[in-house]
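Have a look at upload_30.csv below; it lists CSV, C-alpha atoms.
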```
chain,number,residue,atom,x,y,z
A,1,MET,CA,-22.9,14.8,12.8
A,2,ILE,CA,-19.2,13.9,12.7
A,3,VAL,CA,-19.8,11.1,15.2
A,4,TYR,CA,-22.4,9.5,12.9
A,5,ILE,CA,-20.1,9.7,9.9
A,6,SER,CA,-17.2,8.1,11.7
A,7,GLY,CA,-19.6,5.5,13.2
A,8,ILE,CA,-20.7,4.5,9.7
A,9,LEU,CA,-17.1,4.3,8.5
A,10,ILE,CA,-15.9,2.2,11.5
A,11,ALA,CA,-18.9,-0.1,11.1
A,12,GLY,CA,-18.0,-0.5,7.4
A,13,GLY,CA,-14.4,-1.3,8.4
A,14,LEU,CA,-15.6,-3.9,10.9
A,15,PHE,CA,-17.9,-5.5,8.2
A,16,PHE,CA,-14.8,-5.9,6.0
A,17,PHE,CA,-12.8,-7.4,8.9
A,18,LEU,CA,-15.7,-9.9,9.2
A,19,VAL,CA,-15.7,-10.6,5.5
A,20,GLY,CA,-11.9,-11.2,5.5
A,21,SER,CA,-12.1,-13.4,8.5
A,22,ILE,CA,-14.9,-15.6,7.0
A,23,GLY,CA,-12.9,-15.7,3.8
A,24,MET,CA,-9.8,-16.9,5.6
A,25,ILE,CA,-11.8,-19.8,7.1
A,26,ARG,CA,-13.8,-20.7,4.0
A,27,LEU,CA,-11.2,-20.5,1.1
A,28,PRO,CA,-9.5,-23.8,0.4
A,29,ASP,CA,-5.7,-23.2,0.5
A,30,PHE,CA,-2.9,-21.1,1.8
A,31,TYR,CA,-2.6,-18.7,-1.2
A,32,SER,CA,-6.3,-18.0,-1.6
A,33,ARG,CA,-6.6,-17.4,2.2
A,34,LEU,CA,-4.0,-14.7,1.9
A,35,GLN,CA,-6.2,-13.0,-0.7
A,36,ALA,CA,-8.9,-12.8,1.9
A,37,ALA,CA,-6.4,-11.5,4.4
A,38,GLY,CA,-5.7,-8.8,1.8
A,39,ILE,CA,-9.3,-7.5,2.3
A,40,ILE,CA,-8.6,-7.0,6.0
A,41,ASP,CA,-5.5,-5.0,5.7
A,42,THR,CA,-6.7,-2.8,2.8
A,43,MET,CA,-10.4,-2.0,3.0
A,44,GLY,CA,-10.9,-3.0,6.7
A,45,LEU,CA,-8.0,-0.9,7.9
A,46,LEU,CA,-8.7,2.0,5.5
A,47,LEU,CA,-12.3,2.4,6.6
A,48,SER,CA,-11.9,1.9,10.3
A,49,MET,CA,-8.8,4.1,10.5
A,50,SER,CA,-10.4,6.9,8.5
A,51,GLY,CA,-13.4,6.7,10.8
A,52,LEU,CA,-11.2,7.0,13.8
A,53,ALA,CA,-9.3,10.0,12.2
A,54,ILE,CA,-12.6,11.8,11.6
A,55,LEU,CA,-13.7,11.0,15.2
A,56,ALA,CA,-10.4,12.5,16.4
A,57,LEU,CA,-11.2,15.7,14.6
A,58,ASN,CA,-14.5,16.0,16.4
A,59,GLU,CA,-13.1,18.9,18.4
A,60,PHE,CA,-10.7,20.8,16.2
A,61,THR,CA,-7.4,21.6,18.0
A,62,LEU,CA,-3.8,21.3,16.9
A,63,GLY,CA,-3.3,18.2,19.1
A,64,ASN,CA,-6.4,16.5,17.7
A,65,PHE,CA,-5.3,17.3,14.1
A,66,LEU,CA,-1.9,15.8,14.8
A,67,SER,CA,-3.5,12.6,16.2
A,68,ALA,CA,-5.7,12.3,13.1
A,69,LEU,CA,-2.6,12.7,10.9
A,70,LYS,CA,-0.8,10.0,12.9
A,71,ILE,CA,-3.8,7.6,12.3
A,72,ILE,CA,-3.6,8.4,8.6
A,73,PHE,CA,0.2,7.5,8.7
A,74,ILE,CA,-0.7,4.1,10.2
A,75,VAL,CA,-2.7,3.4,7.0
A,76,VAL,CA,0.1,4.7,4.8
A,77,PHE,CA,2.8,2.5,6.5
A,78,VAL,CA,0.6,-0.6,6.5
A,79,PHE,CA,-0.1,0.0,2.8
A,80,LEU,CA,3.7,0.1,2.2
A,81,THR,CA,4.7,-2.9,4.4
A,82,GLY,CA,1.6,-5.1,4.1
A,83,PRO,CA,2.2,-6.1,0.4
A,84,THR,CA,5.9,-6.7,1.1
A,85,ALA,CA,5.1,-9.0,4.0
A,86,THR,CA,2.4,-10.8,1.9
A,87,HIS,CA,4.9,-11.3,-0.9
A,88,ALA,CA,7.5,-12.7,1.6
A,89,ILE,CA,5.0,-15.2,2.9
A,90,VAL,CA,3.9,-16.3,-0.6
A,91,ASP,CA,7.5,-16.5,-1.8
A,92,ALA,CA,8.4,-18.7,1.2
A,93,GLY,CA,5.4,-21.0,0.3
A,94,ILE,CA,6.5,-21.3,-3.3
A,95,ARG,CA,10.1,-22.0,-2.3
A,96,ALA,CA,9.0,-24.7,0.1
A,97,GLY,CA,7.2,-26.4,-2.8
A,98,LEU,CA,3.6,-25.8,-1.6
A,99,LYS,CA,1.3,-26.2,-4.7
A,100,PRO,CA,-1.7,-23.9,-5.1
A,101,TRP,CA,-5.1,-25.5,-4.8
A,102,GLN,CA,-6.6,-25.9,-8.3
A,103,LYS,CA,-10.1,-26.6,-9.5
A,104,LYS,CA,-10.6,-30.3,-10.4
B,1,MET,CA,27.4,14.2,-7.5
B,2,LYS,CA,28.0,18.0,-7.8
B,3,THR,CA,28.2,20.0,-4.6
B,4,LYS,CA,25.1,22.1,-5.5
B,5,GLN,CA,23.1,18.9,-6.1
B,6,ARG,CA,24.3,17.5,-2.8
B,7,ILE,CA,23.1,20.6,-0.9
B,8,ILE,CA,19.7,20.5,-2.6
B,9,THR,CA,19.2,16.8,-1.8
B,10,PHE,CA,20.4,17.5,1.8
B,11,CYS,CA,17.9,20.3,2.2
B,12,ILE,CA,15.0,18.3,0.8
B,13,THR,CA,15.8,15.3,3.0
B,14,PHE,CA,16.2,17.5,6.1
B,15,SER,CA,12.8,19.2,5.4
B,16,ILE,CA,11.0,15.9,5.0
B,17,LEU,CA,12.5,14.5,8.1
B,18,PHE,CA,11.9,17.6,10.2
B,19,LEU,CA,8.2,17.7,9.0
B,20,PHE,CA,7.8,14.1,10.3
B,21,TRP,CA,9.6,15.0,13.5
B,22,VAL,CA,7.2,17.9,14.2
B,23,ILE,CA,4.1,15.7,13.3
B,24,PHE,CA,5.1,12.8,15.5
B,25,SER,CA,6.4,14.8,18.5
B,26,GLY,CA,3.6,17.4,18.6
B,27,LYS,CA,5.6,19.6,21.0
B,28,PHE,CA,6.8,23.0,19.9
B,29,ASP,CA,9.0,24.1,22.8
B,30,LEU,CA,12.6,25.0,22.2
B,31,PHE,CA,14.0,21.8,23.8
B,32,HIS,CA,12.1,19.3,21.6
B,33,LEU,CA,12.6,21.4,18.4
B,34,SER,CA,16.3,21.7,18.9
B,35,LEU,CA,16.6,17.9,19.6
B,36,GLY,CA,14.7,17.4,16.3
B,37,ILE,CA,16.9,19.8,14.3
B,38,PHE,CA,20.0,18.1,15.7
B,39,SER,CA,18.9,14.5,15.0
B,40,CYS,CA,17.4,15.4,11.5
B,41,LEU,CA,20.7,17.1,10.6
B,42,LEU,CA,22.6,13.9,11.7
B,43,VAL,CA,20.3,11.5,9.8
B,44,SER,CA,20.1,13.6,6.7
B,45,TRP,CA,23.9,14.0,6.6
B,46,VAL,CA,24.2,10.2,6.7
B,47,THR,CA,21.3,9.2,4.4
B,48,SER,CA,20.6,12.1,2.0
B,49,ASP,CA,22.0,9.9,-0.8
B,50,PHE,CA,19.5,7.2,-0.2
B,51,LEU,CA,16.2,9.0,-0.2
B,52,ILE,CA,16.6,10.9,-3.5
B,53,VAL,CA,18.6,8.7,-5.8
B,54,THR,CA,17.6,10.3,-9.0
B,55,SER,CA,20.0,13.0,-10.2
B,56,ASP,CA,17.4,15.5,-11.3
B,57,ILE,CA,15.1,17.1,-8.7
B,58,SER,CA,12.4,17.9,-11.3
B,59,ARG,CA,11.8,14.1,-11.9
B,60,PHE,CA,11.4,13.6,-8.1
B,61,ILE,CA,8.8,16.3,-7.9
B,62,ARG,CA,7.0,15.0,-11.0
B,63,LEU,CA,6.9,11.5,-9.4
B,64,PHE,CA,5.5,13.0,-6.2
B,65,MET,CA,2.8,14.8,-8.1
B,66,GLY,CA,2.0,11.6,-10.1
B,67,PHE,CA,1.7,9.6,-6.9
B,68,THR,CA,-0.9,12.0,-5.4
B,69,LEU,CA,-3.0,11.3,-8.5
B,70,TYR,CA,-2.3,7.6,-8.6
B,71,ILE,CA,-3.1,6.7,-4.9
B,72,PRO,CA,-6.8,7.8,-5.0
B,73,TRP,CA,-7.2,5.8,-8.2
B,74,LEU,CA,-5.6,2.8,-6.5
B,75,ILE,CA,-7.9,3.1,-3.5
B,76,TRP,CA,-10.9,3.1,-5.9
B,77,GLN,CA,-9.5,-0.1,-7.5
B,78,ILE,CA,-9.2,-1.7,-4.1
B,79,VAL,CA,-12.8,-0.8,-3.3
B,80,LEU,CA,-14.0,-2.3,-6.7
B,81,SER,CA,-12.1,-5.5,-6.3
B,82,THR,CA,-13.2,-5.9,-2.6
B,83,ILE,CA,-16.8,-5.6,-3.8
B,84,HIS,CA,-16.0,-8.3,-6.4
B,85,MET,CA,-14.6,-10.6,-3.6
B,86,ILE,CA,-17.7,-10.3,-1.2
B,87,PRO,CA,-20.1,-12.6,-3.2
B,88,ILE,CA,-17.3,-15.1,-3.8
B,89,ILE,CA,-16.6,-15.4,-0.1
B,90,PHE,CA,-20.3,-15.7,0.9
B,91,SER,CA,-21.3,-18.0,-1.9
B,92,PRO,CA,-22.4,-21.5,-0.6
B,93,ASP,CA,-20.6,-23.1,-3.5
B,94,ILE,CA,-17.2,-21.5,-2.9
B,95,HIS,CA,-15.1,-24.2,-4.6
B,96,ASN,CA,-16.8,-23.6,-7.9
B,97,LYS,CA,-16.8,-19.9,-7.8
B,98,ILE,CA,-13.0,-19.6,-7.5
B,99,ASN,CA,-10.4,-20.7,-9.9
B,100,PRO,CA,-7.0,-20.0,-8.4
B,101,LYS,CA,-4.1,-20.0,-10.8
B,102,ILE,CA,-0.6,-18.5,-11.2
B,103,ILE,CA,-0.3,-16.4,-14.3
B,104,LYS,CA,2.8,-14.8,-15.8
B,105,ILE,CA,2.8,-11.2,-17.0
B,106,LYS,CA,5.6,-9.0,-18.3
B,107,SER,CA,6.0,-5.3,-17.7
B,108,LYS,CA,8.0,-3.1,-20.0
B,109,MET,CA,9.3,-1.0,-17.2
B,110,ARG,CA,13.0,-1.1,-16.2
B,111,ASP,CA,12.8,1.3,-13.3
B,112,ASN,CA,13.1,-0.7,-10.1
B,113,VAL,CA,11.0,1.6,-8.0
B,114,GLY,CA,8.3,1.5,-10.7
B,115,LEU,CA,8.3,-2.3,-10.7
B,116,VAL,CA,8.0,-2.5,-7.0
B,117,THR,CA,5.2,0.0,-7.0
B,118,PHE,CA,3.4,-2.1,-9.6
B,119,ALA,CA,4.0,-5.3,-7.7
B,120,ASN,CA,2.8,-3.7,-4.4
B,121,SER,CA,-0.3,-2.3,-6.1
B,122,ILE,CA,-1.2,-5.8,-7.5
B,123,THR,CA,-0.8,-7.3,-4.0
B,124,LEU,CA,-2.8,-4.5,-2.4
B,125,THR,CA,-5.8,-5.2,-4.7
B,126,PRO,CA,-7.7,-8.1,-3.1
B,127,GLY,CA,-7.9,-11.1,-5.5
B,128,THR,CA,-4.3,-10.8,-6.8
B,129,ILE,CA,-0.9,-11.4,-5.2
B,130,THR,CA,2.5,-10.9,-6.8
B,131,VAL,CA,4.5,-14.1,-6.3
B,132,VAL,CA,7.7,-13.4,-8.3
B,133,LEU,CA,9.2,-10.2,-9.6
B,134,ASN,CA,12.6,-9.7,-11.1
B,135,THR,CA,14.5,-6.7,-12.5
B,136,TYR,CA,13.6,-7.6,-16.2
B,137,GLY,CA,9.9,-7.1,-15.5
B,138,ASP,CA,8.9,-10.7,-15.4
B,139,MET,CA,6.1,-11.3,-12.8
B,140,ALA,CA,4.1,-14.2,-11.6
B,141,VAL,CA,0.7,-13.3,-10.1
B,142,HIS,CA,-1.6,-15.6,-8.1
B,143,ALA,CA,-5.2,-14.7,-9.1
B,144,ILE,CA,-8.2,-16.0,-7.3
B,145,ASP,CA,-10.6,-16.2,-10.3
B,146,ASP,CA,-10.7,-15.7,-14.1
B,147,GLU,CA,-11.9,-12.1,-13.8
B,148,CYS,CA,-9.0,-11.1,-11.6
B,149,ALA,CA,-6.6,-12.9,-13.9
B,150,ASN,CA,-7.9,-11.2,-17.0
B,151,SER,CA,-7.7,-7.7,-15.5
B,152,LEU,CA,-3.9,-7.9,-15.5
B,153,PRO,CA,-1.7,-6.0,-16.3
B,154,GLY,CA,-4.5,-3.7,-17.7
B,155,ASP,CA,-5.0,-0.2,-16.6
B,156,MET,CA,-2.9,-0.5,-13.6
B,157,GLY,CA,0.2,-1.4,-15.6
B,158,LYS,CA,-0.4,1.5,-18.0
B,159,LYS,CA,-0.8,4.0,-15.2
B,160,VAL,CA,2.4,2.9,-13.4
B,161,GLU,CA,4.3,2.9,-16.7
B,162,ALA,CA,3.1,6.4,-17.5
B,163,LEU,CA,4.0,7.5,-13.9
B,164,PHE,CA,7.6,6.2,-14.2
B,165,ARG,CA,8.3,7.2,-17.8
B,166,ASP,CA,11.4,9.3,-18.2
```
Represent the structure from my file as structure tokens, please.
Amino acid sequence: MIVYISGILIAGGLFFFLVGSIGMIRLPDFYSRLQAAGIIDTMGLLLSMSGLAILALNEFTLGNFLSALKIIFIVVFVFLTGPTATHAIVDAGIRAGLKPWQKK
Amino acid sequence: MKTKQRIITFCITFSILFLFWVIFSGKFDLFHLSLGIFSCLLVSWVTSDFLIVTSDISRFIRLFMGFTLYIPWLIWQIVLSTIHMIPIIFSPDIHNKINPKIIKIKSKMRDNVGLVTFANSITLTPGTITVVLNTYGDMAVHAIDDECANSLPGDMGKKVEALFRD
């Protein structure tokens, strides 16, 4: 049962990885491509990592519980550092004078 | 800072650090635990002033409780705005669907941690990225379409302001 739940979650995560990648190719400029990258490191990561954490709990022992907890910490730390890195990249783009794409 | 205050901060920092040590090491024999106690004592002796900067502990606890309620709500917002982004990305006429612009918003908060939390929450939500933030609460946000632009500061701003109210 747990295997199926985690399989669905991981598949959902992979779907959002795909959506983010397609968005990174299709969107017109640097800034809007970063928006698509945002999908990857929020929804994609959240779903696939929670799927893996549930899969790690398939057989409940202390070691498995700790590995699941570590997987959750990956999400927490990426949620803290991801936006900061995105902000640094956007700030560098603005300082370098790159103009955002605008609708004609 | 008063001595009693210092001791409380030291103890809280030490407990948090040691909890993380136990989780990450996963070994409970005397050797690893004593190494952990030694290094956590050293680190919390050096850095206990940095982790808990606020002078009253009750505010720290209240912030912690507030965050546990705020994070599920933020994840729900991330889900909603991701669902909003999917049809945009797959639409054949993508250049007409999007309307990227940089909007300026102002937050009434003066708390630095609160402002950073708000800016990070905006960046985490797909469709909006914080470009500029200063200590006076002026922000510039890159939004991918009109709906994302109109949703700011909105509920998220109110929630973070309520969280960091003194």
Please identify every residue of chain A that has at least one atom no more than 8 Å from any atom of chain B, counting only C-alpha atoms, and report them as a ChimeraX atom specification. /A:19,22-23,26-28,31-32,35-36,38-39,42-43,63,66,69-70,79-80,82-84,86-87,90-91,100-103
When you look at Leu52 of chain A with a cut-off of 12 Å (counting all atoms listed in the file), what residues show up, excluding the ones that are within fewer than 6 positions of it in the same chain? I need them as a PyMOL selection string. chain A and resi 2-13+45-46+58+64-65+67-72+74-75
Shell of 6 Å around Ser48 of chain B, only C-alpha atoms, local chain residues under 3 positions omitted, as an NGL selection string: :B and (10 or 13 or 44-45 or 51)
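You can rank B:Leu163, B:Val113, B:Leu80, B:Leu17 by their closest distance to Cys148 of chain B using all atoms listed in the file, and at the top of that list sits B:Leu80.
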Padded axis-aligned box of segment 73-91 of chain A (6 Å per side), centre and edge lengths, Å, one decimal, as JSON:
```
{"center_x": 2.4, "center_y": -4.5, "center_z": 4.2, "size_x": 22.2, "size_y": 36.0, "size_z": 24.0}
```
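The two atoms in question, atom CA of Leu14 of chain A and atom CA of Thr68 of chain B, are spaced 27.1 Å apart.
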Pairwise distance for atom CA of Ile40 of chain A and atom CA of Met24 of chain A, rounded to one decimal in Å: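 About the pair atom CA of Ile40 of chain A and atom CA of Met24 of chain A: they are 10.0 Å apart.
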Do you have the atom CA of Leu33 of chain B-atom CA of Leu19 of chain B distance handy?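 Atom CA of Leu33 of chain B sits 11.0 Å away from atom CA of Leu19 of chain B.
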Up to 6 Å from (1.6, 3.3, -9.3) in the file's coordinates: name the residues, counting only C-alpha atoms, as a VMD selection string. chain B and resid 70 117 to 118 160
Which residue gives the smallest distance to Lys106 of chain B among B:Gly36, B:Leu30, B:Asn134, B:Asp93, with only C-alpha atoms counted?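 Answer, going by the shortest atom-to-atom distance: B:Asn134.
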Could you give me, as a ChimeraX atom specification, the residues within 7 Å of Lys104 of chain B, counting only C-alpha atoms and dropping anything in the same chain fewer than 6 positions from it? /B:139-141
Determine, counting all atoms listed in the file, which protein, DNA and RNA residues have an atom within 9 Å of an atom of Thr135 of chain B; residues of the same chain fewer than 5 positions away are not included. Present the result as a PDB file with C-alpha atoms, in the frame of the given file.
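So around05.pdb came out as:
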```pdb
ATOM      1  CA  ARG B 110      13.000  -1.100 -16.200  1.00  0.00           C
ATOM      2  CA  ASP B 111      12.800   1.300 -13.300  1.00  0.00           C
ATOM      3  CA  ASN B 112      13.100  -0.700 -10.100  1.00  0.00           C
ATOM      4  CA  LEU B 115       8.300  -2.300 -10.700  1.00  0.00           C
TER       5      LEU B 115
END
```
Output as a compact mmCIF listing (two decimals), keeping the file's coordinate frame: segment 21-45 of chain A, completed with N, CA and C atoms.
```
# COMPACT_ATOMS: atom_id res chain seq x y z
N SER A 21 -12.24 -12.30 7.59
CA SER A 21 -12.10 -13.40 8.50
C SER A 21 -12.82 -14.66 8.01
N ILE A 22 -14.08 -14.43 7.55
CA ILE A 22 -14.90 -15.60 7.00
C ILE A 22 -14.15 -16.15 5.80
N GLY A 23 -13.62 -15.26 4.96
CA GLY A 23 -12.90 -15.70 3.80
C GLY A 23 -11.69 -16.55 4.15
N MET A 24 -10.97 -16.12 5.20
CA MET A 24 -9.80 -16.90 5.60
C MET A 24 -10.15 -18.27 6.07
N ILE A 25 -11.35 -18.44 6.64
CA ILE A 25 -11.80 -19.80 7.10
C ILE A 25 -12.28 -20.60 5.90
N ARG A 26 -13.03 -19.96 5.00
CA ARG A 26 -13.80 -20.70 4.00
C ARG A 26 -12.92 -21.08 2.76
N LEU A 27 -11.97 -20.25 2.39
CA LEU A 27 -11.20 -20.50 1.10
C LEU A 27 -10.34 -21.76 1.32
N PRO A 28 -10.06 -22.46 0.21
CA PRO A 28 -9.50 -23.80 0.40
C PRO A 28 -8.01 -23.87 0.70
N ASP A 29 -7.17 -22.96 0.24
CA ASP A 29 -5.70 -23.20 0.50
C ASP A 29 -5.03 -21.93 0.97
N PHE A 30 -3.76 -22.12 1.27
CA PHE A 30 -2.90 -21.10 1.80
C PHE A 30 -2.92 -19.80 0.99
N TYR A 31 -2.73 -19.91 -0.32
CA TYR A 31 -2.60 -18.70 -1.20
C TYR A 31 -3.91 -17.95 -1.25
N SER A 32 -5.02 -18.69 -1.44
CA SER A 32 -6.30 -18.00 -1.60
C SER A 32 -6.73 -17.41 -0.22
N ARG A 33 -6.29 -18.02 0.88
CA ARG A 33 -6.60 -17.40 2.20
C ARG A 33 -5.88 -16.10 2.36
N LEU A 34 -4.67 -16.00 1.79
CA LEU A 34 -4.00 -14.70 1.90
C LEU A 34 -4.73 -13.63 1.10
N GLN A 35 -5.42 -14.02 0.01
CA GLN A 35 -6.20 -13.00 -0.70
C GLN A 35 -7.30 -12.45 0.20
N ALA A 36 -7.93 -13.33 1.01
CA ALA A 36 -8.90 -12.80 1.90
C ALA A 36 -8.31 -11.95 3.00
N ALA A 37 -7.10 -12.32 3.44
CA ALA A 37 -6.40 -11.50 4.40
C ALA A 37 -6.12 -10.10 3.82
N GLY A 38 -5.95 -10.05 2.49
CA GLY A 38 -5.70 -8.80 1.80
C GLY A 38 -6.88 -7.80 2.02
N ILE A 39 -8.13 -8.33 2.07
CA ILE A 39 -9.30 -7.50 2.30
C ILE A 39 -9.16 -6.79 3.67
N ILE A 40 -8.70 -7.58 4.67
CA ILE A 40 -8.60 -7.00 6.00
C ILE A 40 -7.63 -5.87 6.05
N ASP A 41 -6.41 -6.08 5.48
CA ASP A 41 -5.50 -5.00 5.70
C ASP A 41 -5.54 -3.91 4.58
N THR A 42 -6.50 -3.98 3.66
CA THR A 42 -6.70 -2.80 2.80
C THR A 42 -8.03 -2.11 3.20
N MET A 43 -9.16 -2.72 2.83
CA MET A 43 -10.40 -2.00 3.00
C MET A 43 -10.78 -1.92 4.51
N GLY A 44 -10.60 -3.00 5.29
CA GLY A 44 -10.90 -3.00 6.70
C GLY A 44 -10.18 -1.87 7.42
N LEU A 45 -8.87 -1.89 7.20
CA LEU A 45 -8.00 -0.90 7.90
C LEU A 45 -8.31 0.51 7.40
```
